[in-house]
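Reproduced below: run34.txt, with compact mmCIF, N, CA and C atoms.
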# COMPACT_ATOMS: atom_id res chain seq x y z
N MET A 1214 16.45 69.53 -44.77
CA MET A 1214 16.45 69.46 -43.32
C MET A 1214 16.28 68.02 -42.85
N LEU A 1215 15.44 67.27 -43.54
CA LEU A 1215 15.26 65.87 -43.17
C LEU A 1215 16.53 65.06 -43.40
N ASP A 1216 17.33 65.50 -44.35
CA ASP A 1216 18.58 64.80 -44.61
C ASP A 1216 19.51 64.89 -43.40
N LEU A 1217 19.56 66.05 -42.78
CA LEU A 1217 20.42 66.21 -41.60
C LEU A 1217 19.90 65.39 -40.42
N VAL A 1218 18.59 65.36 -40.26
CA VAL A 1218 18.01 64.56 -39.18
C VAL A 1218 18.31 63.08 -39.42
N PHE A 1219 18.17 62.64 -40.66
CA PHE A 1219 18.49 61.25 -40.99
C PHE A 1219 19.96 60.96 -40.74
N LEU A 1220 20.83 61.87 -41.13
CA LEU A 1220 22.26 61.67 -40.93
C LEU A 1220 22.59 61.57 -39.45
N VAL A 1221 22.00 62.42 -38.62
CA VAL A 1221 22.27 62.38 -37.19
C VAL A 1221 21.76 61.06 -36.59
N CYS A 1222 20.55 60.65 -36.96
CA CYS A 1222 20.00 59.38 -36.45
C CYS A 1222 20.83 58.19 -36.94
N LEU A 1223 21.27 58.23 -38.19
CA LEU A 1223 22.08 57.16 -38.74
C LEU A 1223 23.41 57.03 -37.99
N VAL A 1224 24.07 58.15 -37.78
CA VAL A 1224 25.36 58.12 -37.08
C VAL A 1224 25.17 57.67 -35.63
N ALA A 1225 24.12 58.15 -34.97
CA ALA A 1225 23.88 57.76 -33.58
C ALA A 1225 23.59 56.26 -33.48
N ALA A 1226 22.76 55.75 -34.38
CA ALA A 1226 22.44 54.32 -34.34
C ALA A 1226 23.68 53.47 -34.60
N LEU A 1227 24.52 53.89 -35.53
CA LEU A 1227 25.73 53.12 -35.83
C LEU A 1227 26.75 53.21 -34.70
N LEU A 1228 26.84 54.37 -34.04
CA LEU A 1228 27.76 54.48 -32.91
C LEU A 1228 27.31 53.59 -31.75
N TYR A 1229 26.01 53.58 -31.47
CA TYR A 1229 25.52 52.66 -30.44
C TYR A 1229 25.78 51.22 -30.84
N ALA A 1230 25.57 50.88 -32.10
CA ALA A 1230 25.75 49.51 -32.55
C ALA A 1230 27.22 49.09 -32.47
N MET A 1231 28.13 50.00 -32.71
CA MET A 1231 29.55 49.66 -32.62
C MET A 1231 29.98 49.43 -31.18
N ARG A 1232 29.19 49.92 -30.24
CA ARG A 1232 29.48 49.68 -28.83
C ARG A 1232 28.68 48.51 -28.27
N GLY A 1233 27.93 47.81 -29.15
CA GLY A 1233 27.24 46.60 -28.74
C GLY A 1233 25.81 46.80 -28.29
N VAL A 1234 25.22 47.97 -28.51
CA VAL A 1234 23.86 48.24 -28.09
C VAL A 1234 23.01 48.47 -29.32
N TYR A 1235 21.98 47.65 -29.48
CA TYR A 1235 21.08 47.81 -30.62
C TYR A 1235 19.87 48.61 -30.18
N LYS A 1236 19.68 49.78 -30.76
CA LYS A 1236 18.56 50.67 -30.44
C LYS A 1236 17.49 50.51 -31.51
N GLU A 1237 16.46 49.74 -31.18
CA GLU A 1237 15.39 49.46 -32.15
C GLU A 1237 14.62 50.74 -32.51
N THR A 1238 14.29 51.54 -31.51
CA THR A 1238 13.51 52.76 -31.77
C THR A 1238 14.30 53.75 -32.61
N LEU A 1239 15.56 53.93 -32.30
CA LEU A 1239 16.39 54.85 -33.06
C LEU A 1239 16.54 54.39 -34.51
N CYS A 1240 16.69 53.11 -34.72
CA CYS A 1240 16.77 52.58 -36.08
C CYS A 1240 15.46 52.77 -36.83
N SER A 1241 14.34 52.58 -36.14
CA SER A 1241 13.04 52.78 -36.78
C SER A 1241 12.83 54.24 -37.17
N VAL A 1242 13.19 55.14 -36.26
CA VAL A 1242 13.05 56.58 -36.56
C VAL A 1242 13.95 56.96 -37.72
N ALA A 1243 15.17 56.49 -37.71
CA ALA A 1243 16.10 56.81 -38.79
C ALA A 1243 15.61 56.24 -40.12
N THR A 1244 15.03 55.05 -40.10
CA THR A 1244 14.51 54.45 -41.33
C THR A 1244 13.37 55.28 -41.90
N VAL A 1245 12.42 55.67 -41.05
CA VAL A 1245 11.27 56.46 -41.51
C VAL A 1245 11.71 57.82 -42.02
N VAL A 1246 12.59 58.48 -41.28
CA VAL A 1246 13.06 59.80 -41.69
C VAL A 1246 13.86 59.69 -42.99
N GLY A 1247 14.66 58.65 -43.13
CA GLY A 1247 15.45 58.47 -44.35
C GLY A 1247 14.57 58.23 -45.57
N ILE A 1248 13.54 57.42 -45.41
CA ILE A 1248 12.63 57.16 -46.53
C ILE A 1248 11.88 58.44 -46.91
N LEU A 1249 11.40 59.17 -45.90
CA LEU A 1249 10.71 60.43 -46.19
C LEU A 1249 11.64 61.43 -46.88
N ALA A 1250 12.85 61.55 -46.40
CA ALA A 1250 13.81 62.48 -47.00
C ALA A 1250 14.12 62.09 -48.44
N ALA A 1251 14.25 60.80 -48.70
CA ALA A 1251 14.55 60.35 -50.07
C ALA A 1251 13.37 60.61 -51.00
N VAL A 1252 12.16 60.31 -50.54
CA VAL A 1252 10.98 60.52 -51.39
C VAL A 1252 10.76 62.00 -51.66
N ILE A 1253 10.87 62.83 -50.63
CA ILE A 1253 10.71 64.27 -50.83
C ILE A 1253 11.82 64.80 -51.73
N GLY A 1254 13.02 64.29 -51.57
CA GLY A 1254 14.12 64.70 -52.45
C GLY A 1254 13.88 64.32 -53.90
N PHE A 1255 13.32 63.11 -54.13
CA PHE A 1255 12.99 62.71 -55.51
C PHE A 1255 11.93 63.63 -56.11
N VAL A 1256 10.94 63.98 -55.32
CA VAL A 1256 9.88 64.88 -55.81
C VAL A 1256 10.47 66.23 -56.18
N ILE A 1257 11.32 66.75 -55.35
CA ILE A 1257 11.94 68.06 -55.63
C ILE A 1257 12.82 67.98 -56.87
N ILE A 1258 13.57 66.89 -57.02
CA ILE A 1258 14.44 66.73 -58.19
C ILE A 1258 13.61 66.68 -59.47
N PHE A 1259 12.51 65.93 -59.46
CA PHE A 1259 11.70 65.81 -60.68
C PHE A 1259 10.92 67.08 -60.98
N LEU A 1260 10.59 67.87 -59.96
CA LEU A 1260 9.90 69.13 -60.21
C LEU A 1260 10.84 70.17 -60.83
N ARG A 1261 12.08 70.14 -60.42
CA ARG A 1261 13.05 71.07 -61.00
C ARG A 1261 13.43 70.64 -62.41
N SER A 1262 13.55 69.35 -62.62
CA SER A 1262 13.85 68.72 -63.92
C SER A 1262 14.99 69.37 -64.69
N SER A 1263 16.06 69.65 -64.01
CA SER A 1263 17.24 70.15 -64.71
C SER A 1263 18.14 68.96 -65.05
N SER A 1264 18.98 69.12 -66.04
CA SER A 1264 19.79 67.99 -66.51
C SER A 1264 20.98 67.70 -65.60
N GLY A 1265 21.33 68.58 -64.69
CA GLY A 1265 22.49 68.39 -63.83
C GLY A 1265 22.18 67.71 -62.52
N ASP A 1266 20.99 67.18 -62.37
CA ASP A 1266 20.60 66.58 -61.10
C ASP A 1266 20.79 65.07 -61.05
N ILE A 1267 21.64 64.53 -61.88
CA ILE A 1267 21.89 63.09 -61.86
C ILE A 1267 22.60 62.70 -60.57
N LEU A 1268 23.53 63.51 -60.14
CA LEU A 1268 24.24 63.25 -58.89
C LEU A 1268 23.29 63.31 -57.70
N ALA A 1269 22.39 64.27 -57.70
CA ALA A 1269 21.43 64.39 -56.61
C ALA A 1269 20.50 63.18 -56.58
N ALA A 1270 20.08 62.69 -57.73
CA ALA A 1270 19.23 61.50 -57.78
C ALA A 1270 19.99 60.27 -57.28
N PHE A 1271 21.25 60.17 -57.65
CA PHE A 1271 22.06 59.06 -57.17
C PHE A 1271 22.21 59.10 -55.65
N LEU A 1272 22.41 60.30 -55.10
CA LEU A 1272 22.54 60.44 -53.65
C LEU A 1272 21.23 60.10 -52.94
N ARG A 1273 20.10 60.43 -53.56
CA ARG A 1273 18.80 60.08 -52.97
C ARG A 1273 18.59 58.56 -52.99
N ILE A 1274 19.02 57.91 -54.04
CA ILE A 1274 18.93 56.45 -54.10
C ILE A 1274 19.83 55.83 -53.03
N LEU A 1275 21.02 56.38 -52.88
CA LEU A 1275 21.94 55.90 -51.85
C LEU A 1275 21.35 56.12 -50.45
N GLU A 1276 20.70 57.24 -50.25
CA GLU A 1276 20.05 57.52 -48.97
C GLU A 1276 18.93 56.51 -48.70
N LEU A 1277 18.18 56.18 -49.73
CA LEU A 1277 17.09 55.21 -49.60
C LEU A 1277 17.64 53.82 -49.26
N VAL A 1278 18.74 53.45 -49.88
CA VAL A 1278 19.36 52.15 -49.59
C VAL A 1278 19.87 52.10 -48.15
N PHE A 1279 20.51 53.18 -47.70
CA PHE A 1279 20.97 53.22 -46.32
C PHE A 1279 19.81 53.20 -45.33
N ALA A 1280 18.72 53.85 -45.68
CA ALA A 1280 17.56 53.85 -44.79
C ALA A 1280 16.98 52.45 -44.63
N PHE A 1281 16.91 51.71 -45.72
CA PHE A 1281 16.36 50.36 -45.65
C PHE A 1281 17.32 49.37 -44.98
N SER A 1282 18.61 49.57 -45.15
CA SER A 1282 19.57 48.60 -44.64
C SER A 1282 20.14 48.96 -43.27
N LEU A 1283 19.67 50.02 -42.65
CA LEU A 1283 20.24 50.45 -41.37
C LEU A 1283 20.05 49.41 -40.28
N ARG A 1284 18.88 48.80 -40.19
CA ARG A 1284 18.65 47.80 -39.15
C ARG A 1284 19.58 46.60 -39.30
N PHE A 1285 19.75 46.14 -40.54
CA PHE A 1285 20.62 44.99 -40.76
C PHE A 1285 22.08 45.32 -40.45
N ILE A 1286 22.49 46.52 -40.81
CA ILE A 1286 23.87 46.94 -40.53
C ILE A 1286 24.09 47.05 -39.03
N ALA A 1287 23.14 47.66 -38.32
CA ALA A 1287 23.27 47.82 -36.87
C ALA A 1287 23.29 46.46 -36.17
N ARG A 1288 22.42 45.55 -36.57
CA ARG A 1288 22.42 44.21 -35.97
C ARG A 1288 23.74 43.48 -36.23
N HIS A 1289 24.28 43.66 -37.42
CA HIS A 1289 25.54 43.01 -37.75
C HIS A 1289 26.68 43.59 -36.91
N PHE A 1290 26.70 44.91 -36.73
CA PHE A 1290 27.74 45.52 -35.89
C PHE A 1290 27.63 45.02 -34.45
N VAL A 1291 26.41 44.90 -33.93
CA VAL A 1291 26.23 44.38 -32.57
C VAL A 1291 26.72 42.95 -32.48
N LYS A 1292 26.42 42.14 -33.48
CA LYS A 1292 26.88 40.75 -33.49
C LYS A 1292 28.40 40.67 -33.53
N LEU A 1293 29.03 41.51 -34.35
CA LEU A 1293 30.49 41.52 -34.42
C LEU A 1293 31.10 41.95 -33.09
N TYR A 1294 30.49 42.94 -32.44
CA TYR A 1294 30.99 43.40 -31.15
C TYR A 1294 30.88 42.29 -30.10
N ASN A 1295 29.72 41.63 -30.06
CA ASN A 1295 29.53 40.54 -29.09
C ASN A 1295 30.46 39.37 -29.36
N ASP A 1296 30.70 39.07 -30.62
CA ASP A 1296 31.65 38.00 -30.96
C ASP A 1296 33.07 38.35 -30.52
N ARG A 1297 33.44 39.61 -30.69
CA ARG A 1297 34.78 40.03 -30.28
C ARG A 1297 34.94 39.95 -28.76
N ILE A 1298 33.91 40.39 -28.03
CA ILE A 1298 33.97 40.32 -26.57
C ILE A 1298 34.02 38.87 -26.10
N GLU A 1299 33.23 38.01 -26.72
CA GLU A 1299 33.23 36.59 -26.35
C GLU A 1299 34.59 35.95 -26.64
N GLU A 1300 35.21 36.32 -27.74
CA GLU A 1300 36.53 35.78 -28.08
C GLU A 1300 37.58 36.24 -27.07
N GLU A 1301 37.51 37.51 -26.67
CA GLU A 1301 38.45 38.01 -25.66
C GLU A 1301 38.25 37.29 -24.33
N ASN A 1302 36.99 37.08 -23.94
CA ASN A 1302 36.72 36.37 -22.69
C ASN A 1302 37.19 34.93 -22.75
N ARG A 1303 37.04 34.30 -23.90
CA ARG A 1303 37.51 32.92 -24.05
C ARG A 1303 39.03 32.85 -23.90
N LYS A 1304 39.73 33.81 -24.52
CA LYS A 1304 41.19 33.82 -24.40
C LYS A 1304 41.63 34.06 -22.95
N ILE A 1305 40.92 34.94 -22.25
CA ILE A 1305 41.26 35.20 -20.85
C ILE A 1305 41.01 33.95 -20.01
N ARG A 1306 39.88 33.26 -20.25
CA ARG A 1306 39.60 32.03 -19.51
C ARG A 1306 40.65 30.96 -19.78
N GLU A 1307 41.09 30.84 -21.03
CA GLU A 1307 42.13 29.86 -21.36
C GLU A 1307 43.44 30.21 -20.68
N THR A 1308 43.78 31.48 -20.66
CA THR A 1308 45.02 31.90 -20.02
C THR A 1308 44.95 31.67 -18.52
N MET A 1309 43.84 32.00 -17.91
CA MET A 1309 43.71 31.83 -16.46
C MET A 1309 43.64 30.36 -16.07
N SER A 1310 43.13 29.52 -16.94
CA SER A 1310 43.04 28.10 -16.60
C SER A 1310 44.41 27.45 -16.52
N ARG A 1311 45.40 28.04 -17.13
CA ARG A 1311 46.75 27.49 -17.03
C ARG A 1311 47.36 27.72 -15.66
N TYR A 1312 46.89 28.75 -14.96
CA TYR A 1312 47.52 29.15 -13.70
C TYR A 1312 46.70 28.80 -12.47
N THR A 1313 45.57 28.15 -12.66
CA THR A 1313 44.75 27.80 -11.51
C THR A 1313 44.32 26.34 -11.58
N ARG A 1314 44.13 25.75 -10.41
CA ARG A 1314 43.66 24.37 -10.35
C ARG A 1314 42.21 24.31 -9.92
N ASP A 1315 41.59 25.46 -9.70
CA ASP A 1315 40.20 25.49 -9.25
C ASP A 1315 39.22 25.31 -10.40
N ASP A 1316 39.69 25.46 -11.60
CA ASP A 1316 38.82 25.33 -12.76
C ASP A 1316 38.44 23.86 -12.95
N PRO A 1317 37.16 23.53 -13.07
CA PRO A 1317 36.78 22.11 -13.21
C PRO A 1317 37.21 21.50 -14.54
N HIS A 1318 37.53 22.31 -15.53
CA HIS A 1318 37.93 21.80 -16.83
C HIS A 1318 39.41 21.43 -16.89
N VAL A 1319 40.18 21.86 -15.89
CA VAL A 1319 41.61 21.58 -15.87
C VAL A 1319 41.81 20.18 -15.30
N GLN A 1320 42.73 19.43 -15.88
CA GLN A 1320 43.02 18.10 -15.37
C GLN A 1320 43.66 18.21 -13.99
N GLY A 1321 43.46 17.19 -13.22
CA GLY A 1321 44.00 17.17 -11.87
C GLY A 1321 45.52 17.14 -11.87
N PRO A 1322 46.12 17.19 -10.69
CA PRO A 1322 47.58 17.14 -10.62
C PRO A 1322 48.11 15.80 -11.12
N VAL A 1323 49.33 15.82 -11.60
CA VAL A 1323 49.93 14.61 -12.15
C VAL A 1323 50.19 13.60 -11.05
N TYR A 1324 50.71 14.05 -9.94
CA TYR A 1324 51.05 13.14 -8.85
C TYR A 1324 49.92 13.10 -7.84
N THR A 1325 49.48 11.91 -7.53
CA THR A 1325 48.50 11.69 -6.46
C THR A 1325 49.10 10.72 -5.47
N GLU A 1326 48.37 10.38 -4.44
CA GLU A 1326 48.88 9.45 -3.43
C GLU A 1326 49.12 8.06 -4.01
N SER A 1327 48.29 7.67 -4.97
CA SER A 1327 48.42 6.32 -5.51
C SER A 1327 49.54 6.19 -6.54
N ASN A 1328 49.90 7.25 -7.22
CA ASN A 1328 50.90 7.12 -8.27
C ASN A 1328 52.14 7.98 -8.01
N PHE A 1329 52.41 8.33 -6.77
CA PHE A 1329 53.53 9.21 -6.49
C PHE A 1329 54.86 8.55 -6.80
N ASP A 1330 54.98 7.26 -6.57
CA ASP A 1330 56.24 6.56 -6.80
C ASP A 1330 56.29 5.84 -8.14
N ASP A 1331 55.40 6.17 -9.03
CA ASP A 1331 55.37 5.52 -10.34
C ASP A 1331 56.55 6.00 -11.17
N PRO A 1332 57.48 5.10 -11.59
CA PRO A 1332 58.66 5.55 -12.36
C PRO A 1332 58.29 6.08 -13.75
N ASP A 1333 57.17 5.61 -14.32
CA ASP A 1333 56.78 6.14 -15.63
C ASP A 1333 56.42 7.62 -15.55
N LEU A 1334 55.79 8.03 -14.47
CA LEU A 1334 55.46 9.45 -14.30
C LEU A 1334 56.69 10.27 -13.95
N ARG A 1335 57.59 9.67 -13.17
CA ARG A 1335 58.76 10.42 -12.73
C ARG A 1335 59.81 10.57 -13.82
N PHE A 1336 60.02 9.47 -14.58
CA PHE A 1336 61.10 9.49 -15.55
C PHE A 1336 60.63 9.35 -16.99
N GLY A 1337 59.36 9.27 -17.22
CA GLY A 1337 58.85 9.08 -18.56
C GLY A 1337 58.70 7.62 -18.87
N LYS A 1338 58.11 7.30 -19.99
CA LYS A 1338 57.88 5.91 -20.37
C LYS A 1338 59.21 5.22 -20.61
N GLY A 1339 59.40 4.06 -20.04
CA GLY A 1339 60.64 3.29 -20.23
C GLY A 1339 61.72 3.67 -19.27
N GLY A 1340 61.45 4.54 -18.34
CA GLY A 1340 62.45 4.92 -17.35
C GLY A 1340 63.45 5.91 -17.93
N TYR A 1341 64.54 6.10 -17.19
CA TYR A 1341 65.57 7.04 -17.60
C TYR A 1341 66.42 6.43 -18.69
N THR A 1342 66.48 7.06 -19.84
CA THR A 1342 67.28 6.54 -20.94
C THR A 1342 68.22 7.63 -21.40
N ASP A 1343 69.49 7.31 -21.34
CA ASP A 1343 70.51 8.22 -21.86
C ASP A 1343 71.61 7.33 -22.41
N ASN A 1344 71.84 7.40 -23.68
CA ASN A 1344 72.80 6.51 -24.31
C ASN A 1344 74.24 6.83 -23.97
N ARG A 1345 74.53 7.97 -23.44
CA ARG A 1345 75.90 8.33 -23.10
C ARG A 1345 76.39 7.59 -21.87
N PHE A 1346 75.52 7.09 -21.01
CA PHE A 1346 75.96 6.44 -19.77
C PHE A 1346 75.87 4.96 -19.88

Structure translated into structure tokens:
Amino acid sequence: MLDLVFLVCLVAALLYAMRGVYKETLCSVATVVGILAAVIGFVIIFLRSSSGDILAAFLRILELVFAFSLRFIARHFVKLYNDRIEEENRKIRETMSRYTRDDPHVQGPVYTESNFDDPDLRFGKGGYTDNRF
């Protein structure tokens, strides 16, 4: 029964983490329930002492590893989600900066009152060059 509770808490914590929300309490509850379920499972396996319980012992060890590493996994998922959102926002800001002049990071207009008649700006460096004419 504790295995099912641990599984539900584990899945819930990971689903929240994949959406960018780290639930400290849920991770703590899942960790405690997972450790208890693994320890009780080990006790039951050793009391039965049948030779076919190697798979069950392996699954209990795997459960114990997941219980201990749940917080680190959840934090990593939250970090990946936040990095992805930040990257998307950066791309949107870069795209929008091409179409607006209100952004302080965008260079000013090429032509101003002082350089409007500058031939280097109008025709490029060295003026108009075309070898055909």

Nearest to Ala1280 (chain A) by atom-to-atom distance, counting all atoms listed in the file, from A:Leu1268, A:Ile1257, A:Ile1298, A:Val1245: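 Using all atoms listed in the file, Ala1280 (chain A) sits closest to A:Val1245.
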
d(atom N of Phe1281 (chain A), atom C of Leu1223 (chain A)) in Å: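 If I compute the distance from atom N of Phe1281 (chain A) to atom C of Leu1223 (chain A), I get 11.4 Å.
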
Phe1279 (chain A) environment, 10 Å, only C-alpha atoms, sequence neighbours closer than 3 positions dropped, as a list in words: Phe1219, Leu1223, Ala1243, Thr1244, Gly1247, Ile1248, Arg1273, Ile1274, Leu1275, Glu1276, Ser1282, Leu1283, Arg1284, Phe1285 and Ile1286 of chain A

Which residues come within 8 Å of Asn1295 (chain A), counting only N, CA and C atoms, excluding same-chain residues fewer than 3 positions away, as a PDB file with N, CA and C atoms, in the frame of the given file?
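As a result, out-v9.pdb now contains:
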ATOM      1  N   MET A1231      28.130  50.000 -32.710  1.00  0.00           N
ATOM      2  CA  MET A1231      29.550  49.660 -32.620  1.00  0.00           C
ATOM      3  C   MET A1231      29.980  49.430 -31.180  1.00  0.00           C
ATOM      4  N   ARG A1232      29.190  49.920 -30.240  1.00  0.00           N
ATOM      5  CA  ARG A1232      29.480  49.680 -28.830  1.00  0.00           C
ATOM      6  C   ARG A1232      28.680  48.510 -28.270  1.00  0.00           C
ATOM      7  N   GLY A1233      27.930  47.810 -29.150  1.00  0.00           N
ATOM      8  CA  GLY A1233      27.240  46.600 -28.740  1.00  0.00           C
ATOM      9  C   GLY A1233      25.810  46.800 -28.290  1.00  0.00           C
ATOM     10  N   VAL A1234      25.220  47.970 -28.510  1.00  0.00           N
ATOM     11  CA  VAL A1234      23.860  48.240 -28.090  1.00  0.00           C
ATOM     12  C   VAL A1234      23.010  48.470 -29.320  1.00  0.00           C
ATOM     13  N   HIS A1289      24.280  43.660 -37.420  1.00  0.00           N
ATOM     14  CA  HIS A1289      25.540  43.010 -37.750  1.00  0.00           C
ATOM     15  C   HIS A1289      26.680  43.590 -36.910  1.00  0.00           C
ATOM     16  N   PHE A1290      26.700  44.910 -36.730  1.00  0.00           N
ATOM     17  CA  PHE A1290      27.740  45.520 -35.890  1.00  0.00           C
ATOM     18  C   PHE A1290      27.630  45.020 -34.450  1.00  0.00           C
ATOM     19  N   VAL A1291      26.410  44.900 -33.930  1.00  0.00           N
ATOM     20  CA  VAL A1291      26.230  44.380 -32.570  1.00  0.00           C
ATOM     21  C   VAL A1291      26.720  42.950 -32.480  1.00  0.00           C
ATOM     22  N   LYS A1292      26.420  42.140 -33.480  1.00  0.00           N
ATOM     23  CA  LYS A1292      26.880  40.750 -33.490  1.00  0.00           C
ATOM     24  C   LYS A1292      28.400  40.670 -33.530  1.00  0.00           C
ATOM     25  N   ILE A1298      33.910  40.390 -28.030  1.00  0.00           N
ATOM     26  CA  ILE A1298      33.970  40.320 -26.570  1.00  0.00           C
ATOM     27  C   ILE A1298      34.020  38.870 -26.100  1.00  0.00           C
ATOM     28  N   GLU A1299      33.230  38.010 -26.720  1.00  0.00           N
ATOM     29  CA  GLU A1299      33.230  36.590 -26.350  1.00  0.00           C
ATOM     30  C   GLU A1299      34.590  35.950 -26.640  1.00  0.00           C
ATOM     31  N   GLU A1300      35.210  36.320 -27.740  1.00  0.00           N
ATOM     32  CA  GLU A1300      36.530  35.780 -28.080  1.00  0.00           C
ATOM     33  C   GLU A1300      37.580  36.240 -27.070  1.00  0.00           C
ATOM     34  N   GLU A1301      37.510  37.510 -26.670  1.00  0.00           N
ATOM     35  CA  GLU A1301      38.450  38.010 -25.660  1.00  0.00           C
ATOM     36  C   GLU A1301      38.250  37.290 -24.330  1.00  0.00           C
TER      37      GLU A1301
END

Point-to-point distance from atom C of Val1218 (chain A) to atom C of Ala1251 (chain A), Å rounded to tenths: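 Separation of atom C of Val1218 (chain A) and atom C of Ala1251 (chain A): 12.8 Å.
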